[in-house]
>>> print(open('query.txt').read())   # compact mmCIF, C-alpha atoms
# COMPACT_ATOMS: atom_id res chain seq x y z
CA MET A 1 79.82 0.31 61.37
CA LYS A 2 82.22 -1.50 59.10
CA ILE A 3 85.91 -0.73 59.26
CA ALA A 4 88.49 -2.30 56.97
CA ILE A 5 92.07 -2.54 58.17
CA ALA A 6 94.25 -2.55 55.09
CA SER A 7 97.72 -1.59 53.90
CA GLY A 8 99.58 -1.32 50.67
CA LYS A 9 102.67 -3.13 51.84
CA GLY A 10 102.49 -6.53 53.50
CA GLY A 11 103.86 -7.09 56.98
CA THR A 12 103.12 -3.63 58.30
CA GLY A 13 100.91 -4.78 61.17
CA LYS A 14 97.34 -5.18 59.93
CA THR A 15 96.78 -8.27 62.02
CA THR A 16 98.49 -6.75 65.07
CA VAL A 17 96.17 -3.75 64.87
CA SER A 18 93.07 -5.79 63.98
CA THR A 19 93.34 -8.34 66.77
CA ASN A 20 94.35 -5.87 69.46
CA ILE A 21 91.80 -3.20 68.62
CA ALA A 22 89.07 -5.84 68.25
CA SER A 23 89.78 -7.31 71.68
CA TYR A 24 90.21 -3.91 73.27
CA LEU A 25 86.96 -2.59 71.81
CA ALA A 26 85.16 -5.79 72.84
CA GLU A 27 85.81 -4.93 76.49
CA THR A 28 83.00 -2.38 76.16
CA GLU A 29 81.39 -2.78 72.70
CA LYS A 30 79.89 -5.52 70.54
CA VAL A 31 82.59 -6.40 68.02
CA VAL A 32 82.93 -8.74 65.05
CA LEU A 33 86.45 -9.32 63.79
CA VAL A 34 86.63 -10.90 60.33
CA ASP A 35 89.90 -12.21 58.93
CA LEU A 36 89.45 -11.75 55.18
CA ASP A 37 93.07 -12.43 54.27
CA VAL A 38 91.70 -15.74 53.02
CA GLU A 39 94.94 -16.84 51.37
CA GLU A 40 96.75 -16.84 54.68
CA PRO A 41 94.48 -15.96 57.60
CA ASN A 42 96.42 -15.58 60.85
CA SER A 43 94.33 -13.48 63.24
CA LYS A 44 93.23 -16.64 65.02
CA LEU A 45 96.76 -17.01 66.42
CA PHE A 46 96.02 -14.06 68.70
CA ILE A 47 92.33 -14.59 69.47
CA LYS A 48 91.18 -16.94 72.19
CA ALA A 49 87.58 -17.88 71.48
CA ASP A 50 85.33 -20.93 71.30
CA LEU A 51 84.19 -22.57 68.10
CA TYR A 52 80.63 -21.55 67.26
CA ASN A 53 80.08 -22.57 63.64
CA LYS A 54 81.99 -24.01 60.72
CA GLU A 55 80.80 -24.23 57.13
CA ASP A 56 82.19 -25.12 53.73
CA LYS A 57 81.96 -22.46 51.03
CA PHE A 58 81.34 -23.38 47.43
CA LYS A 59 81.60 -21.80 44.04
CA MET A 60 79.84 -22.97 40.90
CA ILE A 61 81.86 -24.16 37.93
CA PRO A 62 80.89 -25.72 34.60
CA GLN A 63 81.38 -29.42 34.07
CA TRP A 64 81.73 -30.67 30.52
CA ASN A 65 79.34 -33.34 29.28
CA GLN A 66 81.10 -34.88 26.29
CA ASN A 67 78.01 -36.76 25.09
CA LEU A 68 75.96 -33.58 24.65
CA CYS A 69 78.75 -31.39 23.24
CA THR A 70 78.82 -30.47 19.53
CA LEU A 71 82.21 -28.67 19.78
CA CYS A 72 80.70 -25.43 18.48
CA GLY A 73 83.25 -23.37 20.42
CA ILE A 74 80.82 -20.82 21.90
CA CYS A 75 81.86 -21.60 25.48
CA GLN A 76 85.50 -20.81 24.80
CA GLU A 77 84.56 -17.63 22.93
CA VAL A 78 82.40 -16.21 25.71
CA CYS A 79 84.74 -17.03 28.59
CA ASN A 80 86.50 -13.82 29.66
CA TYR A 81 88.80 -15.64 32.06
CA ASN A 82 90.29 -18.33 29.80
CA SER A 83 88.91 -20.99 32.07
CA VAL A 84 87.15 -22.85 29.25
CA ILE A 85 89.52 -23.98 26.50
CA GLN A 86 88.72 -26.06 23.45
CA ALA A 87 91.68 -28.24 22.57
CA GLY A 88 90.80 -30.25 19.48
CA ASN A 89 87.75 -32.32 20.37
CA THR A 90 88.08 -31.77 24.11
CA ILE A 91 86.65 -28.96 26.24
CA MET A 92 88.89 -28.29 29.22
CA VAL A 93 87.63 -26.40 32.28
CA PHE A 94 90.18 -24.71 34.57
CA SER A 95 88.11 -24.35 37.69
CA GLU A 96 90.63 -22.15 39.50
CA LEU A 97 90.26 -19.51 36.79
CA CYS A 98 86.45 -19.66 36.69
CA HIS A 99 84.61 -16.59 38.03
CA SER A 100 81.24 -18.42 38.13
CA CYS A 101 79.68 -16.04 35.59
CA TYR A 102 77.59 -18.84 34.01
CA ALA A 103 78.11 -17.47 30.46
CA CYS A 104 79.45 -20.73 28.98
CA SER A 105 76.79 -22.77 30.71
CA GLU A 106 73.84 -20.53 29.79
CA LEU A 107 74.94 -19.94 26.19
CA CYS A 108 75.76 -23.58 25.41
CA PRO A 109 73.14 -24.60 22.82
CA THR A 110 73.12 -28.23 23.95
CA GLU A 111 73.40 -27.73 27.74
CA ALA A 112 76.70 -29.59 27.74
CA LEU A 113 78.18 -27.41 30.50
CA PRO A 114 75.96 -27.72 33.59
CA MET A 115 77.18 -25.79 36.65
CA ILE A 116 78.23 -27.83 39.66
CA PRO A 117 79.43 -26.74 43.11
CA VAL A 118 83.08 -27.12 44.14
CA LYS A 119 84.43 -26.37 47.58
CA MET A 120 86.60 -23.26 47.52
CA GLY A 121 87.16 -22.76 51.21
CA GLU A 122 85.98 -22.93 54.78
CA LEU A 123 84.45 -20.34 57.06
CA THR A 124 84.94 -20.69 60.82
CA HIS A 125 83.09 -18.65 63.42
CA TYR A 126 84.30 -18.33 67.04
CA LYS A 127 82.79 -16.49 70.00
CA ASN A 128 84.21 -14.97 73.17
CA ASN A 129 81.76 -12.81 75.13
CA ASN A 130 81.41 -9.53 73.22
CA LEU A 131 83.73 -10.63 70.45
CA ASP A 132 82.70 -12.69 67.46
CA PHE A 133 85.62 -13.81 65.34
CA ILE A 134 85.19 -15.16 61.83
CA GLU A 135 87.87 -16.34 59.45
CA SER A 136 87.72 -17.82 55.99
CA ARG A 137 90.43 -19.95 54.50
CA LEU A 138 90.87 -20.68 50.81
CA GLU A 139 91.40 -24.30 49.79
CA ILE A 140 94.90 -25.15 48.62
CA GLY A 141 95.01 -24.84 44.82
CA GLN A 142 92.19 -22.27 44.62
CA GLU A 143 93.38 -19.03 43.03
CA LEU A 144 90.49 -16.64 43.48
CA ALA A 145 90.05 -14.96 46.83
CA VAL A 146 87.22 -12.62 45.83
CA PRO A 147 84.26 -15.07 45.80
CA LEU A 148 85.19 -16.39 49.25
CA ILE A 149 85.64 -12.86 50.63
CA ALA A 150 82.23 -11.87 49.19
CA GLN A 151 80.50 -14.88 50.73
CA THR A 152 82.17 -14.25 54.08
CA ILE A 153 81.02 -10.62 54.13
CA ASP A 154 77.50 -11.83 53.25
CA TYR A 155 77.64 -14.24 56.21
CA VAL A 156 78.67 -11.40 58.54
CA ASN A 157 76.05 -8.97 57.26
CA ASN A 158 73.29 -11.59 57.53
CA LEU A 159 74.19 -12.37 61.12
CA PHE A 160 75.12 -8.98 62.55
CA THR A 161 73.33 -5.65 62.33
CA ASP A 162 75.26 -2.44 61.82
CA ASP A 163 75.29 -1.52 65.52
CA PHE A 164 78.08 -4.08 65.83
CA ILE A 165 81.56 -2.78 65.12
CA LYS A 166 82.68 -4.96 62.23
CA LEU A 167 86.42 -5.03 61.68
CA TYR A 168 87.69 -6.49 58.42
CA ASP A 169 91.32 -7.64 58.47
CA SER A 170 92.20 -7.19 54.78
CA PRO A 171 94.81 -8.87 52.59
CA PRO A 172 97.77 -6.65 51.63
CA GLY A 173 98.16 -4.87 48.31
CA THR A 174 95.67 -2.95 46.20
CA SER A 175 94.26 -5.64 43.92
CA CYS A 176 90.78 -7.21 43.62
CA PRO A 177 90.68 -8.94 47.05
CA VAL A 178 91.45 -5.62 48.78
CA ILE A 179 88.79 -3.82 46.74
CA GLU A 180 86.29 -6.53 47.71
CA VAL A 181 87.06 -6.06 51.42
CA THR A 182 87.14 -2.27 51.44
CA LYS A 183 84.20 -1.51 49.12
CA ASP A 184 81.79 -2.63 51.83
CA ALA A 185 83.49 -0.57 54.58
CA ASP A 186 82.36 2.76 56.02
CA PHE A 187 85.92 3.63 56.95
CA VAL A 188 89.38 2.30 56.13
CA ILE A 189 92.40 2.23 58.41
CA LEU A 190 95.67 1.97 56.47
CA VAL A 191 98.53 0.52 58.48
CA THR A 192 101.98 1.45 57.25
CA GLU A 193 105.61 1.61 58.35
CA PRO A 194 107.89 4.65 58.18
CA THR A 195 110.17 3.37 55.44
CA PRO A 196 110.48 4.20 51.71
CA PHE A 197 108.72 0.89 50.96
CA GLY A 198 105.94 1.69 53.40
CA LEU A 199 105.49 5.14 51.86
CA ASN A 200 105.49 3.89 48.28
CA ASP A 201 102.81 1.30 48.96
CA LEU A 202 100.85 3.65 51.22
CA LYS A 203 100.54 6.06 48.30
CA LEU A 204 99.14 3.24 46.14
CA ALA A 205 96.68 2.31 48.86
CA ILE A 206 95.61 5.94 49.30
CA GLU A 207 95.06 6.31 45.55
CA THR A 208 92.88 3.19 45.64
CA MET A 209 90.82 4.46 48.57
CA GLN A 210 90.36 7.85 46.91
CA GLU A 211 89.17 6.10 43.76
CA LEU A 212 86.67 4.15 45.89
CA GLN A 213 85.71 7.42 47.64
CA LYS A 214 86.42 5.94 51.04
CA GLN A 215 87.08 7.83 54.22
CA PHE A 216 90.43 6.69 55.61
CA GLY A 217 93.13 7.33 58.17
CA VAL A 218 96.64 6.04 58.73
CA ILE A 219 98.31 4.18 61.55
CA ILE A 220 102.10 4.34 61.50
CA ASN A 221 103.48 1.14 62.96
CA ARG A 222 107.06 0.69 64.17
CA ASP A 223 107.36 4.44 64.52
CA GLY A 224 110.97 5.53 65.07
CA LEU A 225 112.28 3.13 62.46
CA GLY A 226 113.27 4.49 59.05
CA ASP A 227 112.55 8.14 58.35
CA ALA A 228 109.87 10.83 58.76
CA GLU A 229 108.65 10.78 55.15
CA VAL A 230 105.41 8.91 55.82
CA GLU A 231 104.42 11.35 58.53
CA ASN A 232 105.42 14.36 56.39
CA TYR A 233 103.41 12.98 53.50
CA CYS A 234 100.30 12.52 55.65
CA ILE A 235 100.58 16.01 57.15
CA LYS A 236 101.16 17.60 53.76
CA ASN A 237 98.15 15.83 52.25
CA LYS A 238 95.95 16.33 55.32
CA ILE A 239 95.57 12.63 55.92
CA PRO A 240 94.67 11.89 59.54
CA ILE A 241 97.30 9.94 61.48
CA ILE A 242 95.16 7.94 63.89
CA ALA A 243 97.99 6.47 65.96
CA LYS A 244 101.72 5.87 65.99
CA ILE A 245 102.80 2.52 67.39
CA PRO A 246 106.40 2.67 68.58
CA ASN A 247 109.09 0.38 67.18
CA SER A 248 109.73 -1.75 70.24
CA LYS A 249 111.39 -5.06 70.94
CA GLU A 250 108.91 -5.66 73.76
CA ILE A 251 105.99 -5.45 71.33
CA ALA A 252 107.73 -7.85 68.95
CA HIS A 253 108.33 -10.22 71.84
CA TYR A 254 104.65 -10.52 72.79
CA TYR A 255 103.61 -10.66 69.14
CA SER A 256 105.96 -13.58 68.52
CA ARG A 257 104.26 -15.44 71.37
CA GLY A 258 100.81 -14.89 69.93
CA MET A 259 99.80 -12.65 72.80
CA LEU A 260 97.60 -9.56 72.74
CA ILE A 261 100.01 -6.68 73.13
CA TYR A 262 97.74 -4.03 74.65
CA LYS A 263 97.37 -6.20 77.73
CA GLN A 264 101.15 -6.21 78.25
CA VAL A 265 102.60 -2.94 76.97
CA SER A 266 101.14 0.33 78.22
CA GLU A 267 102.56 2.53 75.46
CA PHE A 268 100.89 0.19 72.94
CA LYS A 269 97.60 0.37 74.83
CA GLU A 270 97.72 4.19 74.69
CA GLN A 271 97.81 3.95 70.92
CA MET A 272 94.91 1.46 70.86
CA GLU A 273 92.98 3.91 73.01
CA LYS A 274 93.50 6.54 70.29
CA VAL A 275 92.26 4.12 67.65
CA LYS A 276 89.28 3.24 69.80
CA ARG A 277 88.35 6.89 70.32
CA TYR A 278 88.71 7.46 66.59
CA ILE A 279 86.38 4.57 65.79
CA ILE A 280 83.80 5.53 68.41
CA ASN A 281 83.87 9.14 67.24
CA SER A 282 83.44 8.02 63.64
CA MET A 283 80.45 5.97 64.69
CA ARG A 284 78.87 8.96 66.28
CA GLY A 285 79.39 10.84 63.06
CA VAL A 286 81.59 13.42 64.77
CA LEU A 287 84.29 12.94 62.15
CA LYS A 288 83.63 14.05 58.67
CA MET T 1 108.10 -30.44 10.64
CA LYS T 2 106.54 -27.21 11.94
CA ILE T 3 108.51 -25.70 14.80
CA ALA T 4 107.14 -22.96 17.09
CA PHE T 5 109.43 -20.57 18.97
CA THR T 6 108.42 -18.16 21.74
CA ALA T 7 110.11 -14.93 20.64
CA LYS T 8 110.37 -11.23 21.37
CA GLY T 9 110.53 -10.32 17.68
CA LYS T 10 109.52 -11.39 14.21
CA ASP T 11 112.60 -12.99 12.61
CA TRP T 12 115.56 -15.32 13.09
CA SER T 13 117.73 -12.69 14.78
CA SER T 14 115.10 -11.92 17.45
CA SER T 15 115.70 -12.84 21.07
CA MET T 16 113.73 -15.76 22.39
CA ASP T 17 111.01 -14.89 24.91
CA PRO T 18 111.61 -17.14 27.93
CA ARG T 19 107.90 -16.98 28.83
CA PHE T 20 105.33 -19.25 27.28
CA GLY T 21 101.89 -17.87 28.18
CA ARG T 22 102.83 -14.23 27.80
CA THR T 23 105.31 -14.58 24.96
CA GLU T 24 105.21 -11.56 22.66
CA TYR T 25 105.32 -13.57 19.43
CA PHE T 26 105.31 -17.07 18.10
CA LEU T 27 107.65 -17.71 15.21
CA ILE T 28 106.59 -20.74 13.22
CA TYR T 29 109.24 -22.31 11.05
CA ASP T 30 108.05 -24.78 8.43
CA GLU T 31 111.12 -26.92 7.70
CA GLU T 32 109.72 -28.53 4.53
CA LYS T 33 108.81 -25.22 2.92
CA ASP T 34 111.73 -23.40 4.59
CA LYS T 35 109.30 -20.65 5.47
CA ILE T 36 109.06 -18.60 8.67
CA GLU T 37 106.01 -16.68 9.83
CA PHE T 38 105.18 -14.81 13.01
CA ILE T 39 102.04 -14.64 15.12
CA ASP T 40 101.46 -11.68 17.41
CA ASN T 41 100.59 -12.85 20.91
CA SER T 42 100.85 -9.45 22.66
CA GLU T 43 97.16 -9.57 23.59
CA ALA T 44 98.08 -12.26 26.14
CA ASN T 45 99.55 -9.48 28.25
CA GLN T 46 96.08 -8.01 28.66
CA GLU T 47 94.93 -11.20 30.37
CA ALA T 48 94.83 -10.91 34.15
CA HIS T 49 94.48 -14.66 34.48
CA GLY T 50 94.71 -17.64 32.20
CA ALA T 51 97.27 -16.36 29.68
CA GLY T 52 98.86 -19.83 29.71
CA PRO T 53 95.83 -21.89 28.61
CA LYS T 54 94.82 -19.22 26.11
CA THR T 55 98.24 -19.16 24.46
CA ALA T 56 98.32 -22.95 24.50
CA GLN T 57 94.96 -22.95 22.72
CA LYS T 58 96.36 -20.64 20.07
CA LEU T 59 99.39 -22.87 19.57
CA PHE T 60 97.05 -25.84 19.35
CA ASP T 61 95.30 -24.26 16.37
CA LEU T 62 98.63 -23.42 14.70
CA GLY T 63 99.35 -27.12 14.57
CA ALA T 64 103.09 -27.13 15.29
CA GLN T 65 104.80 -30.40 16.12
CA VAL T 66 107.68 -28.91 18.11
CA LEU T 67 107.75 -26.05 20.61
CA ILE T 68 111.02 -24.39 21.59
CA THR T 69 110.80 -22.05 24.55
CA GLY T 70 112.59 -20.86 27.70
CA ASN T 71 111.11 -21.55 31.11
CA GLY T 72 108.52 -23.99 29.86
CA PRO T 73 104.72 -23.79 30.06
CA GLY T 74 102.99 -23.73 33.43
CA GLY T 75 100.62 -26.40 34.66
CA ASN T 76 97.40 -25.22 32.99
CA ALA T 77 99.09 -24.54 29.65
CA ALA T 78 100.91 -27.86 29.79
CA SER T 79 97.65 -29.73 30.29
CA VAL T 80 96.25 -28.14 27.10
CA LEU T 81 99.44 -28.84 25.14
CA ASP T 82 99.26 -32.37 26.42
CA LYS T 83 96.20 -32.89 24.20
CA MET T 84 98.24 -32.33 21.06
CA GLU T 85 101.15 -34.24 19.59
CA LEU T 86 103.79 -31.72 20.56
CA LYS T 87 107.41 -32.14 21.58
CA ILE T 88 108.46 -29.34 23.93
CA TYR T 89 112.08 -28.22 24.39
CA ILE T 90 113.06 -25.69 27.03
CA GLY T 91 116.11 -23.73 28.19
CA ALA T 92 116.46 -21.55 25.10
CA GLY T 93 115.27 -18.36 26.83
CA ASP T 94 118.60 -16.52 26.56
CA MET T 95 119.31 -17.33 22.91
CA THR T 96 118.32 -15.79 19.59
CA VAL T 97 115.75 -17.76 17.62
CA LYS T 98 118.47 -18.84 15.20
CA ALA T 99 120.72 -20.07 18.01
CA ALA T 100 117.77 -21.85 19.59
CA TYR T 101 117.04 -23.66 16.33
CA GLU T 102 120.69 -24.72 16.01
CA ALA T 103 120.76 -25.89 19.61
CA TYR T 104 117.63 -27.93 18.93
CA LYS T 105 119.16 -29.45 15.79
CA ASN T 106 122.29 -30.40 17.77
CA ASN T 107 120.20 -32.00 20.52
CA GLN T 108 121.43 -29.44 23.05
CA LEU T 109 118.02 -28.50 24.43
CA LYS T 110 116.28 -30.14 27.34
CA LYS T 111 113.04 -31.96 26.71
CA PHE T 112 110.10 -30.72 28.83
>>> encode(input="query.txt", output="structure tokens")
Amino acid sequence: MKIAIASGKGGTGKTTVSTNIASYLAETEKVVLVDLDVEEPNSKLFIKADLYNKEDKFKMIPQWNQNLCTLCGICQEVCNYNSVIQAGNTIMVFSELCHSCYACSELCPTEALPMIPVKMGELTHYKNNNLDFIESRLEIGQELAVPLIAQTIDYVNNLFTDDFIKLYDSPPGTSCPVIEVTKDADFVILVTEPTPFGLNDLKLAIETMQELQKQFGVIINRDGLGDAEVENYCIKNKIPIIAKIPNSKEIAHYYSRGMLIYKQVSEFKEQMEKVKRYIINSMRGVLK
Amino acid sequence: MKIAFTAKGKDWSSSMDPRFGRTEYFLIYDEEKDKIEFIDNSEANQEAHGAGPKTAQKLFDLGAQVLITGNGPGGNAASVLDKMELKIYIGAGDMTVKAAYEAYKNNQLKKF
């Protein structure tokens, strides 16, 4: 079972939900939590676990060999990402823009653009009893999150069978990195806040999930803040509201200390219990 | 001297486009021939990534000696432009093309 925890808007509580539900579920189930917000992973702040494995992740980019090059211009023509540019008698490669498609390298008539590996990030794997926690972190200066997300999901799927509950903490938004995280998921939990901003971005996220034909439900975080429009919208459109986490200073207090909230605040734990039941029921195929 | 302007329109009275990579047009003014021509760059807006280097490549082929723009090219574009003999002046983003040219002639623009 693979569950992505996403949102349209940033800062709605994806990591709060991911880390708490992962730890809570791990009290009885086998759980893998994967922080795929590779541009700024932060789940580790809340997870106490021991280092199990660390590996560098690479992507392949072309490297120009001036001696072999005839300046025919094919490489620049075939690059869809503007990462190969011919400037006079120089071929420039912008590795951050490269999607590793190999077109320039394969189509070069003189093999002047061999592909070489460059480090794009680092994957770290921690363990704590029933909970495996994996995060990937993009190198500073790297622009593309998708290849690192894809390789991290491959790592998880190679190591863990589908009887594990795999929770993917997604980046915010609705762009390529979010698609990469959610396209592999059986179910998506959208975390939002009851404000006009939360609603606007929730609608975008819902549209995206419908386009991907994903099953999804909503968690309203900081409930009591703002207005009732998010809830009304979900009811009107028959979107399941999985849980409503109250807007509480106590919750914010434990969050700010990097503590797991369900262990401290009972009303928060009640909501995690709802999420847990929802996930377990989904696993059993009760929910359609 | 061939001077390139990043512009939102096709003639002297057009507003400058403060952006480099995603500028709508280039206006190229050939001082010797006193001729102005425009190049449509609107396709750069279709680029998800790499509009800067692509536009820089285009400018490279146009062979201008001076570029007058607003915010200035970003890092990738600048590294392409660096390969050509090009003087870049910035800070003309709020002017018309005509005013930008006058400001350049009066040494009122900042060198990039």
>>> atom_distance(input="query.txt", atom1="CA of Glu250 (chain A)", atom2="CA of Val265 (chain A)")
7.6 Å
>>> closest_atom_pairs(input="query.txt", of="region 150-201 of chain A", to="region 113-129 of chain A", cutoff="10 Å", atoms="only C-alpha atoms", output="tab-separated table")
residue	atom	partner	partner_atom	distance
A:Gln151	CA	A:Leu123	CA	9.2
A:Thr152	CA	A:Leu123	CA	7.2
A:Tyr155	CA	A:Leu123	CA	9.2
A:Val156	CA	A:His125	CA	9.8
>>> residues_around(input="query.txt", residues="region 103-107 of chain A", least_positions_apart="4", cutoff="12 Å", atoms="all atoms listed in the file", output="ChimeraX atom specification")
/A:60-65,69,72-85,91,93,98-99,111-116
>>> residues_around(input="query.txt", residues="Leu109 (chain T)", least_positions_apart="2", cutoff="9 Å", atoms="all atoms listed in the file", output="list in words")
Ile68, Tyr89, Ile90, Gly91, Ala92, Ala100, Ala103, Tyr104, Lys105, Asn106, Asn107 and Lys111 of chain T
>>> interface_residues(input="query.txt", of="chain T", to="chain A", cutoff="9 Å", atoms="all atoms listed in the file", output="MDAnalysis selection string")
chainID T and resid 47:54 56:57 60:61 76 79:81 83:84
>>> atom_distance(input="query.txt", atom1="CA of Ser282 (chain A)", atom2="CA of Ile3 (chain A)")
10.1 Å
>>> residues_around(input="query.txt", residues="Gln271 (chain A)", least_positions_apart="6", cutoff="10 Å", atoms="all atoms listed in the file", output="JSON, numbers by chain")
{"A": [17, 21, 219, 242, 243, 244, 245, 246, 262, 277]}
>>> residues_around(input="query.txt", residues="Asp227 (chain A)", least_positions_apart="4", cutoff="10 Å", atoms="all atoms listed in the file", output="PDB file with C-alpha atoms, keeping the file's coordinate frame")
ATOM      1  CA  GLU A 193     105.610   1.610  58.350  1.00  0.00           C
ATOM      2  CA  PRO A 194     107.890   4.650  58.180  1.00  0.00           C
ATOM      3  CA  THR A 195     110.170   3.370  55.440  1.00  0.00           C
ATOM      4  CA  PRO A 196     110.480   4.200  51.710  1.00  0.00           C
ATOM      5  CA  ASP A 223     107.360   4.440  64.520  1.00  0.00           C
ATOM      6  CA  GLU A 231     104.420  11.350  58.530  1.00  0.00           C
ATOM      7  CA  ASN A 232     105.420  14.360  56.390  1.00  0.00           C
TER       8      ASN A 232
END
>>> axis_aligned_box(input="query.txt", around="region 164-175 of chain A", padding_each_side="5 Å", output="AutoDock Vina command-line options")
--center_x 88.1 --center_y -5.8 --center_z 54.9 --size_x 30.1 --size_y 16.1 --size_z 31.9
>>> atom_distance(input="query.txt", atom1="CA of Ala205 (chain A)", atom2="CA of Pro177 (chain A)")
12.9 Å
>>> closest_residue(input="query.txt", among="T:Lys110, T:Gly70, T:Ala99, T:Glu32", to="Lys87 (chain T)", atoms="only C-alpha atoms")
T:Lys110
>>> residues_around(input="query.txt", residues="Gln215 (chain A)", least_positions_apart="6", cutoff="9 Å", atoms="only C-alpha atoms", output="list in words")
Asp186, Phe187, Val188, Ile189, Met209 and Lys288 of chain A
